[in-house]
Amino acid sequence: MTSKVKQDRVLIFDTTLRDGEQSPGATMTHTEKLEIAEMLDTMGVDIIEAGFPIASEGDFEAVSDIAKQAQTSVICGLARANLKDIDRCWEAVRHAKRPRIHTFIGTSPLHRAIPNLTMDEMADRIHETVTHARNLCDNVQWSPMDATRTEYDYLCRVIEIAIKAGATTINIPDTVGYTAPRESADLIARLIADVPGAPDVTFATHCHNDLGMATANSLAAVEAGARQIECTINGLGERAGNTALEEVVMAMKVRNDIMPFTTGIDSTKLMAISRRVATVSGFAVQFNKAIVGKNAFAHESGIHQDGMLKNAETFEIMRPEDVGLTETNIVMGKHSGRAALRSKLKDLGFDLADNQLNDVFVRFKALADRKKEVFDDDLVALMRVQEGEADDRVKVKFLRVICGTEAPQSADITLTIDGEDHQMTAQGDGPVDATFAAINALFPHSATLQLYQVHAVTEGTDAQATVSVRLEEDGRIVTGQSADTDTVVASAKAYVSALNNLLVRRTKSDPDADVKQVSYKDVG
Ligand code: KIV
Ligand code: ZN
């Protein structure tokens with residue numbers, strides 16, 4: 001057992017803004033990162049990993065601004081095992097009331113081969129870099145990347161070196177999501193027992209979800225003595241993602257009888273931050289996602305509904321309110337006013353300034369004109385979708401499609417480009433294909449379509465569709481989203497929104513492109 005924190009207190013280390021944001025296409029703007037960091041701080045996250053400062057100017061600025069704004073959370077930045085990375089990281093996090101440097105190196109045979117270091121050379125590098133980090137900051141986390149595939153004896157050796165050099169937290173990453181619960185627990189228990197100095201530091205678990213076991217592996221590690229869980233909101237992250245914060249927090253809360261651990265998280269804030277992260281990352285939450293999915297508290301079958309009416313505990317192991325899901329029965333419609341909209345949005349976790357409310361109100365009225373009842377999910381979709389900005393260069397002015405059983409389908413579209421209207425008719429394999437072909441003809445570009453996704457927000461044939469489009473051009477990845485009761489209109493607007501984002505990216509220094517230059521594999 002570790003001695004740094006109370007035995008039953010588990011620290012929550014959120015890496016949504018670093019490991020989560022690293023997921024291709026999940027790029028967030030500076031303002032969005034600051035907003036998410038503030039929500040994490042307010043909800044009681046112990047440590048926020050705010051970014052990878054050397055990766056790009058944008059990452060550096062985000063980490064330093066988050067460091068300046070944070071009230072309670074420790075602010076951590078990531079650095080590879082070299083002095084330049086660590087210095088840059090310190091420059092960014094040093095503004096925080098409670099800064100932390102997190103430095104790492106891949107220790108498994110496959111990862112050691114990349115910088116071509118012998119075991120001894122790598123051990124020296126760890127000693128040098130952790131010592132350097134600790135000379136700058138008294139809170140240093142060290143990670144042997146791919147720990148779960150590193151030879152056990154070597155893992156013990158390098159952890160001991162890191163502890164002696166001054167690391168205060170040792171993180172054990174399951175980088176490729178390879179381990180299983182019993183193995184995860186065994187590894188932590190053995191390391192704590194075998195490595196000299198281990199009881200004086202905090203052991204952390206960092207799991208990826210490639211085999212769907214990240215939550216189970218993290219909890220098993222805690223049962224074996226880890227006292228920090230690294231996780232992300234909605235399990236955001238590369239490939240199958242990271243451990244989902246909401247899952248580990250609620251598991252320890254609901255099953256406290258068998259997992260007697262506490263966290264500092266205010267669980268009633270989970271739903272709001274989940275929605276916000278889904279919005280800004282463009283990664284929608286799957287309907288049946290544990291804790292925060294749309295259906296997580298929905299009881300549809302007759303037998304379930306009957307049981308629920310008699311006693312909610314029949315089928316519910318936690319209350320919707322525990323995760324911040326406030327079920328109000330007020331359905332909004334075209335007669336609802338601004339105050340009702342504000343209060344409803346507040347219940348849903350969106351606290352809007354007056355100018356933001358005015359903008360949403362206009363879109364709400366337009367929706368209510370087309371849809372008799374506007375449900376909570378419609379409003380969430382309205383908030384999720386960033387409609388065109390006033391300074392967008394390309395706007396959809398008019399769209400009409402001809403579709404039916406006879407191919408090909410055609411689309412007639414008018415785009416306003418830099419203030420001038422341009423019209424085009426194109427054919428395609430279906431109305432969306434035809435629409436995109438017409439947009440491409442009017443606005444040629446070399447980006448490729450990486451993702452086209454449609455979700456029906458509610459039931460019924462008048463349901464809104466939210467559409468997400470992801471484009472890639474020269475390593476830049478941009479997304480666009482839109483919602484409309486007409487799926488083809490939503491598709492056209494989402495596509496045009498992604499194009500506008502691409503135009504902005506082309507003119508600005510590009511954080512995505514920068515990140516590509518700084519690879520995890522390059523530890524030199
Ligand atoms: O998955 C991983 O190994 C990481 C490290 C950088 C900690 O994210
Ligand atoms: Zn990771």
# chains A, B, ... in the order shown; residues from 1 in each chain; ligands from 1

call {"tool": "residues_near_ligand", "arguments": {"ligand": "ligand 2", "cutoff": "12 Å", "atoms": "only C-alpha atoms and all ligand atoms", "output": "PyMOL selection string"}}
result
chain A and resi 13-23+49+78+104+106+143-147+171-177+205-210+214+229-232+235-243+520

call {"tool": "residues_around", "arguments": {"residues": "Thr215 of chain A", "least_positions_apart": "4", "cutoff": "7 Å", "atoms": "only C-alpha atoms", "output": "ChimeraX atom specification"}}
result
/A:219,243-244,247-248

call {"tool": "write_last_selection", "arguments": {"atoms": "N, CA and C atoms", "output": "PDB file, in the first residue's frame"}}
result
ATOM      1  N   LEU A 219      -9.519  -0.629 -12.005  1.00  0.00           N
ATOM      2  CA  LEU A 219     -10.056  -0.923 -10.674  1.00  0.00           C
ATOM      3  C   LEU A 219      -9.282  -2.060 -10.006  1.00  0.00           C
ATOM      4  N   THR A 243      -9.281   4.618 -20.138  1.00  0.00           N
ATOM      5  CA  THR A 243     -10.261   4.338 -19.074  1.00  0.00           C
ATOM      6  C   THR A 243     -11.220   5.516 -18.972  1.00  0.00           C
ATOM      7  N   ALA A 244     -12.516   5.233 -18.864  1.00  0.00           N
ATOM      8  CA  ALA A 244     -13.503   6.315 -18.761  1.00  0.00           C
ATOM      9  C   ALA A 244     -13.599   6.780 -17.314  1.00  0.00           C
ATOM     10  N   GLU A 247     -16.796   6.006 -15.448  1.00  0.00           N
ATOM     11  CA  GLU A 247     -17.020   4.596 -15.094  1.00  0.00           C
ATOM     12  C   GLU A 247     -16.287   4.228 -13.807  1.00  0.00           C
ATOM     13  N   VAL A 248     -15.001   4.612 -13.710  1.00  0.00           N
ATOM     14  CA  VAL A 248     -14.279   4.218 -12.487  1.00  0.00           C
ATOM     15  C   VAL A 248     -14.829   4.952 -11.266  1.00  0.00           C
TER      16      VAL A 248
END

call {"tool": "closest_residue", "arguments": {"among": "A:Thr168, A:Ser274, A:Thr107, A:Thr416", "to": "ligand 1", "atoms": "only C-alpha atoms and all ligand atoms"}}
result
A:Thr107

call {"tool": "select_by_dssp", "arguments": {"residues": "segment 179-319 of chain A", "states": "strand (DSSP E)", "output": "VMD selection string"}}
result
chain A and resid 202 to 207 228 to 231

call {"tool": "atom_distance", "arguments": {"atom1": "atom CA of Ala96 of chain A", "atom2": "atom CA of Gly77 of chain A"}}
result
10.9 Å

call {"tool": "residues_around", "arguments": {"residues": "Val469 of chain A", "least_positions_apart": "6", "cutoff": "8 Å", "atoms": "only C-alpha atoms", "output": "list of chain:residue names"}}
result
A:Leu449, A:Gln450, A:Leu451, A:Tyr452, A:Gln453, A:Thr479, A:Gly480, A:Gln481, A:Ser491, A:Ala494, A:Tyr495, A:Ala498

call {"tool": "atom_distance", "arguments": {"atom1": "atom CA of Ile170 of chain A", "atom2": "atom CA of Gly51 of chain A"}}
result
18.6 Å

call {"tool": "residues_around", "arguments": {"residues": "Ser184 of chain A", "least_positions_apart": "2", "cutoff": "8 Å", "atoms": "only C-alpha atoms", "output": "PyMOL selection string"}}
result
chain A and resi 179-182+186-188+217-218+220-221

call {"tool": "write_last_selection", "arguments": {"atoms": "N, CA and C atoms", "output": "PDB file, in the first residue's frame"}}
result
ATOM      1  N   THR A 179      -3.344  -5.792 -21.180  1.00  0.00           N
ATOM      2  CA  THR A 179      -3.430  -6.551 -19.929  1.00  0.00           C
ATOM      3  C   THR A 179      -4.877  -6.957 -19.608  1.00  0.00           C
ATOM      4  N   ALA A 180      -5.021  -7.738 -18.548  1.00  0.00           N
ATOM      5  CA  ALA A 180      -6.346  -8.180 -18.087  1.00  0.00           C
ATOM      6  C   ALA A 180      -6.393  -7.957 -16.574  1.00  0.00           C
ATOM      7  N   PRO A 181      -7.613  -7.907 -15.986  1.00  0.00           N
ATOM      8  CA  PRO A 181      -7.692  -7.474 -14.583  1.00  0.00           C
ATOM      9  C   PRO A 181      -6.767  -8.191 -13.608  1.00  0.00           C
ATOM     10  N   ARG A 182      -6.729  -9.525 -13.652  1.00  0.00           N
ATOM     11  CA  ARG A 182      -5.909 -10.211 -12.657  1.00  0.00           C
ATOM     12  C   ARG A 182      -4.423  -9.874 -12.839  1.00  0.00           C
ATOM     13  N   ASP A 186      -1.898  -8.079 -10.252  1.00  0.00           N
ATOM     14  CA  ASP A 186      -0.653  -8.770  -9.875  1.00  0.00           C
ATOM     15  C   ASP A 186       0.555  -7.873 -10.079  1.00  0.00           C
ATOM     16  N   LEU A 187       0.580  -7.207 -11.227  1.00  0.00           N
ATOM     17  CA  LEU A 187       1.746  -6.377 -11.559  1.00  0.00           C
ATOM     18  C   LEU A 187       1.924  -5.270 -10.519  1.00  0.00           C
ATOM     19  N   ILE A 188       0.831  -4.583 -10.203  1.00  0.00           N
ATOM     20  CA  ILE A 188       0.934  -3.484  -9.225  1.00  0.00           C
ATOM     21  C   ILE A 188       1.363  -4.031  -7.858  1.00  0.00           C
ATOM     22  N   ASN A 217      -9.391  -3.153 -15.567  1.00  0.00           N
ATOM     23  CA  ASN A 217      -7.954  -3.196 -15.257  1.00  0.00           C
ATOM     24  C   ASN A 217      -7.560  -2.100 -14.272  1.00  0.00           C
ATOM     25  N   SER A 218      -8.151  -0.913 -14.433  1.00  0.00           N
ATOM     26  CA  SER A 218      -7.822   0.201 -13.525  1.00  0.00           C
ATOM     27  C   SER A 218      -8.299  -0.111 -12.112  1.00  0.00           C
ATOM     28  N   ALA A 220      -8.864  -3.023 -10.815  1.00  0.00           N
ATOM     29  CA  ALA A 220      -8.067  -4.128 -10.260  1.00  0.00           C
ATOM     30  C   ALA A 220      -6.736  -3.587  -9.731  1.00  0.00           C
ATOM     31  N   ALA A 221      -6.155  -2.638 -10.475  1.00  0.00           N
ATOM     32  CA  ALA A 221      -4.884  -2.042 -10.039  1.00  0.00           C
ATOM     33  C   ALA A 221      -5.069  -1.314  -8.710  1.00  0.00           C
TER      34      ALA A 221
END

call {"tool": "residues_around", "arguments": {"residues": "Asp322 of chain A", "least_positions_apart": "2", "cutoff": "7 Å", "atoms": "only C-alpha atoms", "output": "PDB file with all heavy atoms, in the first residue's frame"}}
result
ATOM      1  N   SER A 267     -19.896  13.760  -8.540  1.00  0.00           N
ATOM      2  CA  SER A 267     -20.428  12.964  -9.661  1.00  0.00           C
ATOM      3  C   SER A 267     -21.618  13.638 -10.348  1.00  0.00           C
ATOM      4  O   SER A 267     -21.947  13.302 -11.484  1.00  0.00           O
ATOM      5  CB  SER A 267     -20.808  11.560  -9.181  1.00  0.00           C
ATOM      6  OG  SER A 267     -21.900  11.632  -8.296  1.00  0.00           O
ATOM      7  N   THR A 268     -22.247  14.602  -9.679  1.00  0.00           N
ATOM      8  CA  THR A 268     -23.399  15.254 -10.318  1.00  0.00           C
ATOM      9  C   THR A 268     -22.949  16.133 -11.494  1.00  0.00           C
ATOM     10  O   THR A 268     -23.767  16.649 -12.234  1.00  0.00           O
ATOM     11  CB  THR A 268     -24.203  16.117  -9.321  1.00  0.00           C
ATOM     12  OG1 THR A 268     -23.357  17.172  -8.865  1.00  0.00           O
ATOM     13  CG2 THR A 268     -24.692  15.305  -8.141  1.00  0.00           C
ATOM     14  N   MET A 318     -28.130   3.118  -9.574  1.00  0.00           N
ATOM     15  CA  MET A 318     -27.776   4.482  -9.167  1.00  0.00           C
ATOM     16  C   MET A 318     -28.877   5.390  -9.699  1.00  0.00           C
ATOM     17  O   MET A 318     -29.584   5.023 -10.652  1.00  0.00           O
ATOM     18  CB  MET A 318     -26.400   4.883  -9.707  1.00  0.00           C
ATOM     19  CG  MET A 318     -26.274   4.733 -11.192  1.00  0.00           C
ATOM     20  SD  MET A 318     -24.547   4.743 -11.715  1.00  0.00           S
ATOM     21  CE  MET A 318     -24.693   3.748 -13.197  1.00  0.00           C
ATOM     22  N   ARG A 319     -29.008   6.538  -9.091  1.00  0.00           N
ATOM     23  CA  ARG A 319     -30.073   7.443  -9.521  1.00  0.00           C
ATOM     24  C   ARG A 319     -29.545   8.355 -10.624  1.00  0.00           C
ATOM     25  O   ARG A 319     -28.379   8.779 -10.567  1.00  0.00           O
ATOM     26  CB  ARG A 319     -30.551   8.292  -8.345  1.00  0.00           C
ATOM     27  CG  ARG A 319     -31.243   7.482  -7.259  1.00  0.00           C
ATOM     28  CD  ARG A 319     -31.503   8.327  -6.044  1.00  0.00           C
ATOM     29  NE  ARG A 319     -30.279   9.047  -5.656  1.00  0.00           N
ATOM     30  CZ  ARG A 319     -30.260  10.166  -4.958  1.00  0.00           C
ATOM     31  NH1 ARG A 319     -31.379  10.716  -4.548  1.00  0.00           N
ATOM     32  NH2 ARG A 319     -29.126  10.761  -4.641  1.00  0.00           N
ATOM     33  N   PRO A 320     -30.378   8.695 -11.608  1.00  0.00           N
ATOM     34  CA  PRO A 320     -29.927   9.593 -12.667  1.00  0.00           C
ATOM     35  C   PRO A 320     -29.336  10.888 -12.101  1.00  0.00           C
ATOM     36  O   PRO A 320     -28.344  11.399 -12.607  1.00  0.00           O
ATOM     37  CB  PRO A 320     -31.194   9.886 -13.471  1.00  0.00           C
ATOM     38  CG  PRO A 320     -32.146   8.798 -13.130  1.00  0.00           C
ATOM     39  CD  PRO A 320     -31.775   8.267 -11.782  1.00  0.00           C
ATOM     40  N   GLY A 324     -25.932  13.665 -12.499  1.00  0.00           N
ATOM     41  CA  GLY A 324     -26.281  14.986 -13.034  1.00  0.00           C
ATOM     42  C   GLY A 324     -27.316  14.943 -14.131  1.00  0.00           C
ATOM     43  O   GLY A 324     -27.458  15.901 -14.888  1.00  0.00           O
TER      44      GLY A 324
END

call {"tool": "closest_residue", "arguments": {"among": "A:Ile273, A:Ala79, A:Leu341, A:Val74", "to": "ligand 1", "atoms": "only C-alpha atoms and all ligand atoms"}}
result
A:Ala79

call {"tool": "residues_around", "arguments": {"residues": "Lys289 of chain A", "least_positions_apart": "2", "cutoff": "12 Å", "atoms": "only C-alpha atoms", "output": "PyMOL selection string"}}
result
chain A and resi 233-235+244+246-247+271+274+284-287+291-298
